[in-house]
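upload.csv, holding CSV, C-alpha atoms and all ligand atoms:
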```csv
chain,number,residue,atom,x,y,z
A,883,MET,CA,28.8,73.1,34.0
A,884,THR,CA,27.4,73.9,37.4
A,885,GLU,CA,24.8,71.3,38.0
A,886,LYS,CA,24.5,69.6,41.4
A,887,PRO,CA,26.8,66.7,42.2
A,888,ARG,CA,24.6,63.7,43.0
A,889,VAL,CA,25.6,61.5,45.9
A,890,VAL,CA,24.9,57.9,45.1
A,891,LEU,CA,26.1,56.0,48.2
A,892,PHE,CA,26.8,57.0,51.7
A,893,ALA,CA,27.8,55.3,54.9
A,894,ALA,CA,28.0,57.0,58.3
A,895,THR,CA,31.5,56.9,59.7
A,896,LEU,CA,34.3,58.9,58.2
A,897,PHE,CA,37.7,57.4,58.9
A,898,MET,CA,40.6,59.0,57.0
A,899,ALA,CA,44.3,58.3,57.0
A,900,GLY,CA,47.2,58.7,54.8
A,901,CYS,CA,48.6,61.9,53.4
A,902,ALA,CA,45.4,63.9,54.0
A,903,ALA,CA,45.6,67.3,55.4
A,904,GLY,CA,43.2,70.1,56.2
A,905,GLY,CA,39.5,70.3,56.4
A,906,ASP,CA,36.9,68.4,54.5
A,907,ASP,CA,34.9,71.2,53.0
A,908,THR,CA,31.4,70.9,51.7
A,909,PRO,CA,31.1,71.1,47.9
A,910,THR,CA,29.7,74.3,46.5
A,911,ASP,CA,26.3,72.8,45.8
A,912,ALA,CA,25.9,69.3,47.1
A,913,SER,CA,22.7,67.5,47.4
A,914,ALA,CA,21.8,65.4,50.5
A,915,PRO,CA,23.4,62.0,50.5
A,916,ALA,CA,21.4,58.8,50.5
A,917,THR,CA,22.2,55.9,52.8
A,918,VAL,CA,22.7,52.4,51.4
A,919,GLY,CA,23.7,49.4,53.5
A,920,ASP,CA,27.3,49.4,54.8
A,921,ALA,CA,28.8,51.0,51.8
A,922,GLN,CA,32.5,52.0,52.3
A,923,PHE,CA,32.4,54.5,49.5
A,924,GLU,CA,30.4,57.5,48.7
A,925,PHE,CA,30.2,58.2,44.9
A,926,THR,CA,29.4,61.8,44.0
A,927,GLU,CA,28.5,62.4,40.4
A,928,ILE,CA,30.4,65.6,39.5
A,929,VAL,CA,29.2,65.7,35.9
A,930,PRO,CA,27.5,62.9,33.9
A,931,GLY,CA,29.8,59.8,34.0
A,932,VAL,CA,32.5,61.4,36.3
A,933,TYR,CA,32.3,60.5,39.9
A,934,GLN,CA,34.4,61.2,43.0
A,935,ALA,CA,34.7,58.1,45.3
A,936,ARG,CA,35.4,58.9,48.9
A,937,GLY,CA,35.9,56.5,51.8
A,938,VAL,CA,33.1,56.9,54.3
A,939,GLY,CA,33.1,53.6,56.2
A,940,ASP,CA,35.4,51.8,58.7
A,941,LEU,CA,37.6,50.5,55.8
A,942,VAL,CA,40.7,52.7,55.6
A,943,VAL,CA,41.0,53.7,51.9
A,944,GLY,CA,43.5,56.7,52.3
A,945,SER,CA,42.8,59.0,49.4
A,946,ASN,CA,39.9,59.8,47.1
A,947,ALA,CA,39.5,58.1,43.8
A,948,ALA,CA,37.9,59.4,40.7
A,949,VAL,CA,35.8,57.2,38.5
A,950,VAL,CA,35.4,58.1,34.8
A,951,VAL,CA,32.8,55.9,33.1
A,952,ASN,CA,33.4,55.9,29.3
A,953,ASP,CA,31.3,54.4,26.5
A,954,ALA,CA,33.0,51.1,26.7
A,955,ASP,CA,35.2,51.1,29.8
A,956,VAL,CA,36.2,52.8,33.0
A,957,LEU,CA,39.2,54.8,34.1
A,958,LEU,CA,39.9,54.9,37.9
A,959,VAL,CA,42.2,57.7,39.1
A,960,ASP,CA,44.2,56.5,42.1
A,961,SER,CA,44.1,53.0,43.5
A,962,HIS,CA,43.8,53.6,47.3
A,963,ILE,CA,45.9,52.4,50.2
A,964,THR,CA,45.7,48.6,50.2
A,965,PRO,CA,44.5,45.8,48.0
A,966,ALA,CA,41.5,45.4,50.4
A,967,ALA,CA,40.4,49.0,49.7
A,968,ALA,CA,41.0,48.7,45.9
A,969,ASN,CA,39.0,45.4,45.7
A,970,ARG,CA,36.1,47.0,47.7
A,971,LEU,CA,36.0,49.9,45.3
A,972,LEU,CA,35.8,47.6,42.4
A,973,GLU,CA,32.9,45.8,44.1
A,974,GLU,CA,31.0,48.9,44.9
A,975,LEU,CA,31.7,50.3,41.5
A,976,ARG,CA,29.3,47.8,40.2
A,977,THR,CA,26.5,49.9,41.6
A,978,LEU,CA,27.4,52.5,39.0
A,979,THR,CA,28.4,50.5,35.9
A,980,ASP,CA,29.2,47.0,34.7
A,981,ARG,CA,31.8,48.3,32.2
A,982,PRO,CA,35.3,47.0,32.8
A,983,VAL,CA,38.0,49.0,34.4
A,984,ARG,CA,40.6,49.2,31.6
A,985,TYR,CA,42.7,52.2,32.9
A,986,VAL,CA,44.0,53.2,36.3
A,987,ALA,CA,46.0,56.3,36.9
A,988,ASN,CA,48.4,57.0,39.8
A,989,THR,CA,48.5,60.7,40.3
A,990,HIS,CA,51.7,60.2,42.4
A,991,TRP,CA,53.6,57.5,44.2
A,992,HIS,CA,52.3,58.0,47.8
A,993,PHE,CA,51.1,54.7,49.3
A,994,ASP,CA,47.5,55.9,49.7
A,995,HIS,CA,47.2,56.5,46.0
A,996,ALA,CA,49.1,53.6,44.5
A,997,HIS,CA,49.0,50.6,46.9
A,998,GLY,CA,45.9,49.1,45.3
A,999,ASN,CA,47.6,48.6,42.0
A,1000,GLN,CA,48.2,44.9,42.5
A,1001,VAL,CA,44.5,44.0,42.2
A,1002,TYR,CA,44.4,44.9,38.5
A,1003,PRO,CA,45.3,42.2,35.9
A,1004,PRO,CA,48.2,42.9,33.6
A,1005,ASP,CA,46.0,44.0,30.7
A,1006,VAL,CA,44.8,47.0,32.7
A,1007,GLU,CA,46.9,50.0,31.8
A,1008,ILE,CA,48.2,51.7,35.0
A,1009,ILE,CA,49.3,55.2,34.0
A,1010,SER,CA,51.7,57.5,35.8
A,1011,HIS,CA,54.5,59.9,35.4
A,1012,GLU,CA,57.8,58.1,34.8
A,1013,ALA,CA,59.2,59.4,38.1
A,1014,THR,CA,56.2,57.8,39.9
A,1015,ARG,CA,57.0,54.5,38.3
A,1016,ALA,CA,60.6,54.7,39.2
A,1017,VAL,CA,59.9,55.4,42.9
A,1018,ILE,CA,57.4,52.5,43.2
A,1019,ALA,CA,59.6,50.1,41.2
A,1020,SER,CA,62.5,50.8,43.5
A,1021,GLY,CA,60.6,50.4,46.8
A,1022,GLY,CA,60.3,54.1,47.5
A,1023,SER,CA,56.6,53.8,48.3
A,1024,ILE,CA,57.2,51.4,51.2
A,1025,SER,CA,60.1,53.4,52.8
A,1026,GLY,CA,61.0,56.9,53.6
A,1027,ARG,CA,59.6,59.6,55.9
A,1028,SER,CA,56.0,59.5,54.9
A,1029,TYR,CA,55.6,55.7,54.8
A,1030,GLU,CA,57.4,55.4,58.2
A,1031,SER,CA,55.3,58.1,59.9
A,1032,PHE,CA,51.9,56.8,58.6
A,1033,ILE,CA,52.4,53.0,58.2
A,1034,GLY,CA,55.7,52.1,59.9
A,1035,ALA,CA,54.4,53.8,63.1
A,1036,LEU,CA,51.2,51.8,63.2
A,1037,PRO,CA,52.3,49.0,65.4
A,1038,GLY,CA,53.6,51.5,68.0
A,1039,ARG,CA,50.3,53.4,67.8
A,1040,ILE,CA,48.4,50.2,68.3
A,1041,ALA,CA,50.5,49.3,71.3
A,1042,ALA,CA,49.9,52.7,72.8
A,1043,MET,CA,46.2,52.3,72.4
A,1044,GLU,CA,46.3,48.8,74.0
A,1045,ALA,CA,48.2,50.3,77.0
A,1046,ALA,CA,45.7,53.1,77.3
A,1047,LEU,CA,42.9,50.6,77.2
A,1048,ASP,CA,44.4,48.8,80.2
A,1049,THR,CA,44.2,51.8,82.3
A,1050,MET,CA,40.8,53.0,81.2
A,1051,SER,CA,37.7,52.5,83.4
A,1052,ASP,CA,35.0,54.6,81.7
A,1053,ALA,CA,32.8,52.1,79.8
A,1054,ALA,CA,31.9,54.5,76.9
A,1055,GLY,CA,35.5,55.5,76.5
A,1056,ARG,CA,36.6,51.9,76.4
A,1057,ALA,CA,34.1,50.9,73.8
A,1058,GLU,CA,35.1,53.8,71.6
A,1059,LEU,CA,38.8,53.0,71.9
A,1060,GLU,CA,38.2,49.3,71.4
A,1061,GLU,CA,36.5,50.1,68.1
A,1062,THR,CA,39.3,52.3,66.9
A,1063,LEU,CA,41.8,49.7,68.0
A,1064,GLU,CA,40.1,47.0,66.0
A,1065,GLN,CA,40.0,49.3,62.9
A,1066,GLN,CA,43.7,50.0,63.2
A,1067,ARG,CA,44.5,46.3,63.7
A,1068,VAL,CA,42.5,45.4,60.6
A,1069,TYR,CA,44.1,48.3,58.7
A,1070,TYR,CA,47.6,47.3,59.7
A,1071,ALA,CA,47.0,43.7,58.6
A,1072,GLN,CA,45.8,45.0,55.2
A,1073,THR,CA,48.9,47.1,54.7
A,1074,GLN,CA,51.0,44.0,55.2
A,1075,GLU,CA,49.3,42.5,52.1
A,1076,VAL,CA,50.7,45.3,49.8
A,1077,ILE,CA,53.0,44.3,47.0
A,1078,PRO,CA,54.1,47.6,45.5
A,1079,THR,CA,53.1,47.3,41.8
A,1080,ALA,CA,54.7,49.8,39.4
A,1081,PRO,CA,52.5,51.4,36.7
A,1082,ASN,CA,53.0,49.8,33.2
A,1083,THR,CA,52.4,53.0,31.2
A,1084,THR,CA,54.3,56.2,31.8
A,1085,LEU,CA,54.5,59.7,30.5
A,1086,SER,CA,57.1,62.5,30.8
A,1087,GLU,CA,54.8,65.5,30.0
A,1088,ARG,CA,51.5,64.4,28.5
A,1089,LEU,CA,49.4,61.5,27.3
A,1090,THR,CA,45.9,61.6,25.8
A,1091,LEU,CA,43.3,58.9,25.7
A,1092,HIS,CA,40.3,59.2,23.4
A,1093,ARG,CA,37.4,57.1,24.7
A,1094,GLY,CA,34.2,57.6,22.6
A,1095,ASP,CA,33.7,61.4,22.5
A,1096,ARG,CA,35.7,61.9,25.7
A,1097,GLU,CA,39.2,63.3,25.7
A,1098,ILE,CA,41.3,62.4,28.8
A,1099,ARG,CA,44.5,64.2,29.2
A,1100,PHE,CA,47.2,63.2,31.7
A,1101,LEU,CA,49.5,66.2,32.3
A,1102,PHE,CA,52.7,66.8,34.1
A,1103,PHE,CA,53.6,70.5,34.8
A,1104,GLY,CA,56.6,70.1,37.1
A,1105,ARG,CA,57.4,68.9,40.6
A,1106,GLY,CA,55.1,69.8,43.4
A,1107,HIS,CA,53.6,67.5,46.0
A,1108,THR,CA,56.1,64.9,44.8
A,1109,ASP,CA,58.5,64.6,41.9
A,1110,GLY,CA,55.9,63.1,39.6
A,1111,ASP,CA,52.5,64.6,40.0
A,1112,VAL,CA,50.1,64.0,37.1
A,1113,VAL,CA,46.7,65.8,36.8
A,1114,VAL,CA,43.9,64.3,34.8
A,1115,HIS,CA,42.1,66.8,32.8
A,1116,LEU,CA,38.7,66.1,31.1
A,1117,PRO,CA,38.4,69.3,29.0
A,1118,GLY,CA,35.0,68.3,27.5
A,1119,ASP,CA,33.6,67.6,31.0
A,1120,GLY,CA,35.1,70.6,32.7
A,1121,VAL,CA,36.8,68.5,35.4
A,1122,LEU,CA,40.4,68.6,36.7
A,1123,ILE,CA,41.5,65.7,38.9
A,1124,THR,CA,44.5,67.0,40.8
A,1125,GLY,CA,45.9,64.3,43.1
A,1126,ASP,CA,47.4,65.9,46.1
A,1127,LEU,CA,48.7,69.0,44.2
A,1128,MET,CA,45.4,70.3,45.6
A,1129,THR,CA,43.4,69.0,48.5
A,1130,ALA,CA,40.5,70.5,50.4
A,1131,GLY,CA,42.9,72.3,52.7
A,1132,ILE,CA,46.7,72.7,52.9
A,1133,PRO,CA,48.2,69.7,51.1
A,1134,TYR,CA,50.8,67.4,52.9
A,1135,MET,CA,54.3,68.8,52.2
A,1136,GLY,CA,56.6,66.1,53.5
A,1137,ASP,CA,57.8,65.0,50.1
A,1138,GLY,CA,57.1,68.3,48.3
A,1139,PHE,CA,59.1,70.8,46.3
A,1140,VAL,CA,57.3,73.9,47.6
A,1141,GLU,CA,58.9,76.5,45.4
A,1142,GLU,CA,58.3,74.5,42.2
A,1143,TRP,CA,54.9,73.6,43.5
A,1144,ILE,CA,53.8,77.3,43.2
A,1145,ASP,CA,54.8,77.3,39.6
A,1146,THR,CA,53.1,74.0,38.9
A,1147,LEU,CA,49.9,75.3,40.3
A,1148,GLU,CA,50.2,78.3,38.0
A,1149,HIS,CA,50.0,75.9,35.0
A,1150,LEU,CA,46.8,74.4,36.5
A,1151,LYS,CA,45.2,77.8,36.5
A,1152,ALA,CA,45.7,78.1,32.8
A,1153,LEU,CA,43.5,75.0,32.1
A,1154,GLU,CA,39.8,75.3,31.5
A,1155,PHE,CA,37.6,73.5,34.0
A,1156,ASP,CA,34.6,74.0,36.3
A,1157,TRP,CA,35.4,71.4,39.0
A,1158,ILE,CA,38.4,70.4,40.9
A,1159,VAL,CA,38.4,66.8,42.2
A,1160,PRO,CA,41.2,66.9,44.8
A,1161,GLY,CA,43.2,64.0,46.3
A,1162,HIS,CA,41.6,64.4,49.7
A,1163,GLY,CA,38.3,66.1,50.6
A,1164,GLN,CA,35.3,66.9,48.5
A,1165,ALA,CA,35.2,68.3,45.0
A,1166,TYR,CA,34.8,72.1,44.6
A,1167,GLN,CA,34.3,74.8,42.0
A,1168,ASP,CA,36.2,77.7,43.6
A,1169,ARG,CA,39.4,77.8,41.5
A,1170,GLY,CA,40.4,80.8,43.7
A,1171,ARG,CA,41.6,78.1,46.1
A,1172,ILE,CA,44.6,77.5,43.9
A,1173,THR,CA,45.7,81.1,44.5
A,1174,HIS,CA,45.2,80.7,48.2
A,1175,VAL,CA,47.4,77.7,48.3
A,1176,GLN,CA,50.1,79.5,46.3
A,1177,ASP,CA,49.9,82.5,48.6
A,1178,TYR,CA,50.2,80.2,51.6
A,1179,PHE,CA,53.3,78.5,50.1
A,1180,ARG,CA,55.0,81.8,49.3
A,1181,ASP,CA,54.5,83.0,52.8
A,1182,PHE,CA,55.7,79.7,54.3
A,1183,LEU,CA,58.7,79.7,52.0
A,1184,ALA,CA,59.7,83.3,53.0
A,1185,GLN,CA,59.3,82.7,56.7
A,1186,GLY,CA,61.1,79.3,56.5
A,1187,ARG,CA,64.0,80.7,54.5
A,1188,ALA,CA,64.5,83.5,57.0
A,1189,LEU,CA,64.6,81.1,60.0
A,1190,HIS,CA,66.8,78.7,58.1
A,1191,SER,CA,69.3,81.5,57.3
A,1192,ALA,CA,69.2,82.5,61.0
A,1193,GLY,CA,70.2,78.9,61.9
A,1194,VAL,CA,67.0,78.1,63.8
A,1195,PRO,CA,66.5,74.3,63.9
A,1196,ALA,CA,63.5,72.9,61.9
A,1197,GLU,CA,61.5,71.8,64.9
A,1198,ALA,CA,61.8,75.3,66.6
A,1199,ALA,CA,61.2,77.0,63.2
A,1200,ALA,CA,57.9,75.0,62.8
A,1201,ALA,CA,56.7,76.4,66.1
A,1202,ARG,CA,57.5,80.0,65.1
A,1203,ILE,CA,56.2,80.1,61.5
A,1204,ASP,CA,53.0,82.0,61.7
A,1205,MET,CA,50.4,81.4,58.9
A,1206,THR,CA,47.4,83.0,60.7
A,1207,ALA,CA,47.2,85.6,57.9
A,1208,HIS,CA,45.8,82.7,55.8
A,1209,ALA,CA,43.3,81.5,58.4
A,1210,GLU,CA,40.3,82.8,56.5
A,1211,HIS,CA,41.0,80.3,53.7
A,1212,PHE,CA,42.2,77.3,55.7
A,1213,GLU,CA,40.2,76.3,58.7
A,1214,GLY,CA,43.1,74.2,60.1
A,1215,VAL,CA,45.1,77.4,60.7
A,1216,SER,CA,44.3,78.8,64.2
A,1217,GLY,CA,47.6,80.3,65.5
A,1218,PRO,CA,51.3,80.2,65.0
A,1219,GLY,CA,53.0,76.9,64.3
A,1220,VAL,CA,53.0,74.6,61.2
A,1221,SER,CA,53.6,70.9,60.6
A,1222,PRO,CA,57.2,70.1,61.6
A,1223,VAL,CA,57.4,67.6,58.7
A,1224,ALA,CA,56.8,70.5,56.2
A,1225,VAL,CA,59.6,72.5,57.7
A,1226,LEU,CA,62.0,69.5,57.9
A,1227,ARG,CA,61.3,68.9,54.2
A,1228,LEU,CA,61.9,72.6,53.3
A,1229,PHE,CA,65.1,72.7,55.3
A,1230,GLU,CA,66.3,69.6,53.5
A,1231,LEU,CA,65.7,71.3,50.2
A,1232,LEU,CA,67.5,74.5,51.4
A,1233,ASP,CA,70.4,72.5,52.7
A,1234,ALA,CA,70.8,70.8,49.3
A,1235,ASP,CA,70.8,74.2,47.6
A,1236,GLN,CA,73.8,75.4,49.6
B,1301,ZN,ZN,50.1,62.4,48.5
```

What is this file in structure tokens?
Amino acid sequence: MTEKPRVVLFAATLFMAGCAAGGDDTPTDASAPATVGDAQFEFTEIVPGVYQARGVGDLVVGSNAAVVVNDADVLLVDSHITPAAANRLLEELRTLTDRPVRYVANTHWHFDHAHGNQVYPPDVEIISHEATRAVIASGGSISGRSYESFIGALPGRIAAMEAALDTMSDAAGRAELEETLEQQRVYYAQTQEVIPTAPNTTLSERLTLHRGDREIRFLFFGRGHTDGDVVVHLPGDGVLITGDLMTAGIPYMGDGFVEEWIDTLEHLKALEFDWIVPGHGQAYQDRGRITHVQDYFRDFLAQGRALHSAGVPAEAAAARIDMTAHAEHFEGVSGPGVSPVAVLRLFELLDADQ
């Protein structure tokens, strides 16, 4: 299945947030997008009836979603970052189909994939790994390192922008900053409307839906990006929806289990599919990217372990870890130094092992 993905809707401004990382690569064979009104989502048809929904407007949506249009209903994979984003997706979804959304999946518990859950009525099945449900049900999606750095820090960032605006005289610069500031104020207000809503259907290893002729497999292969990453495999369509186990670049590692993640990715390589629909960035066909991520993780782990053994603090280690050997596969890598949060997380795991 190598036909062109068809872009259905497009709006001009890209504004990404949440646990995105890395570049936003062009799909292998994308057709030119069409512009329609002030659409906040771009729907790209990967194969017939399976779409990738990406935020392309001012509305902060966080992650990608995937839309699977079945004979009688719709499955949405990931529910976005706020009820505002989730509701807008439902509205724009009507340009694709009038079939009801009967299933939603949370690939993992990160706020940008699960904080739209509350907009769905109780008869919609929200499916996740049992660990994902446990984290959301106990308030873990509105606390902790990742939530604090991306959402908890928003008022401070807004205040810093307001202070910068006070000292800025350049008119064009002011206009641009004012626009960003307004986006962030709206976004912050939307995050305050979130009521974390736990999935109502869980799996420990696998769950299969049969909708018409389509088989939809929800699979857990071990810990990775979080402790409960589920991939959605559509074997008959040749599509694998990975959540943040794979993104367009190097996935966010702040809540990850990097060593186990390498093994989990090995299981993905054993599946049959033509397309990867990642948690962030555009869909792609090059499954070799899974190996590139594994190689990156192995190298990161080896360098991190050596620095940890030598007693180098995490912050200093982050500056010294050199991943430039992987630059040809990851455009965000341009010299020594990695994300401090990735190293903090690794050191936390290594400390726990001792
Ligand atoms: Zn994530």

Residues within 9 Å of (48.9, 46.8, 60.9), file coords, only C-alpha atoms, listed as JSON, numbers by chain: {"A": [1033, 1034, 1036, 1037, 1040, 1066, 1067, 1068, 1069, 1070, 1071, 1072, 1073, 1074]}

Writing out the chosen residues with C-alpha atoms as a compact mmCIF listing (two decimals), in the coordinates of the input:
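Writing done, so here's selection_33.txt:
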```txt
# COMPACT_ATOMS: atom_id res chain seq x y z
CA ILE A 1033 52.40 53.00 58.20
CA GLY A 1034 55.70 52.10 59.90
CA LEU A 1036 51.20 51.80 63.20
CA PRO A 1037 52.30 49.00 65.40
CA ILE A 1040 48.40 50.20 68.30
CA GLN A 1066 43.70 50.00 63.20
CA ARG A 1067 44.50 46.30 63.70
CA VAL A 1068 42.50 45.40 60.60
CA TYR A 1069 44.10 48.30 58.70
CA TYR A 1070 47.60 47.30 59.70
CA ALA A 1071 47.00 43.70 58.60
CA GLN A 1072 45.80 45.00 55.20
CA THR A 1073 48.90 47.10 54.70
CA GLN A 1074 51.00 44.00 55.20
```

Name all residues at most 8 Å from A:Leu1085 (count only C-alpha atoms; drop same-chain ones fewer than 5 positions away) and give them as a count of residues only. 4

Residues proximal to (35.2, 50.8, 45.5) were defined as those with any atom within 10 Å of that point in the file's coordinates, counting only C-alpha atoms. Which are they, as number ranges by chain? A: 921-925, 935-937, 943, 947, 949, 958, 961-962, 966-977

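You can rank A:His1190, A:His1162, A:Arg1027, A:Arg1056 by their closest distance to ligand ZN 1301 (chain B) using all atoms listed in the file, and at the top of that list sits A:His1162.
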
Using all atoms listed in the file, which protein or nucleic acid residues are at most 7 Å from ligand ZN 1301 (chain B), as JSON, numbers by chain? {"A": [901, 990, 992, 1107, 1126, 1134]}

Which residue gives the smallest distance to A:Ala1207 among A:Pro1222, A:Val950, A:Asp1177, A:Ala1192, with all atoms listed in the file counted? A:Asp1177

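Between atom CA of A:Gly944 and atom CA of A:Phe1032 lies a distance of 10.5 Å.
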
All residues 12 Å or closer to A:Gln934, only C-alpha atoms, same chain fewer than 3 positions away omitted, as number ranges by chain: A: 887-891, 909, 923-931, 937, 945-951, 957-960, 971, 975, 978, 1121-1125, 1157-1166

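Take the candidates A:Tyr1002, A:Leu941, A:His1211, A:Val932 and check each one against A:Thr979 using all atoms listed in the file; the shortest distance goes to A:Val932.
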
At what distance in Å, to one decimal, does atom CA of A:Val1076 lie from atom CA of A:Leu1226? 27.9 Å
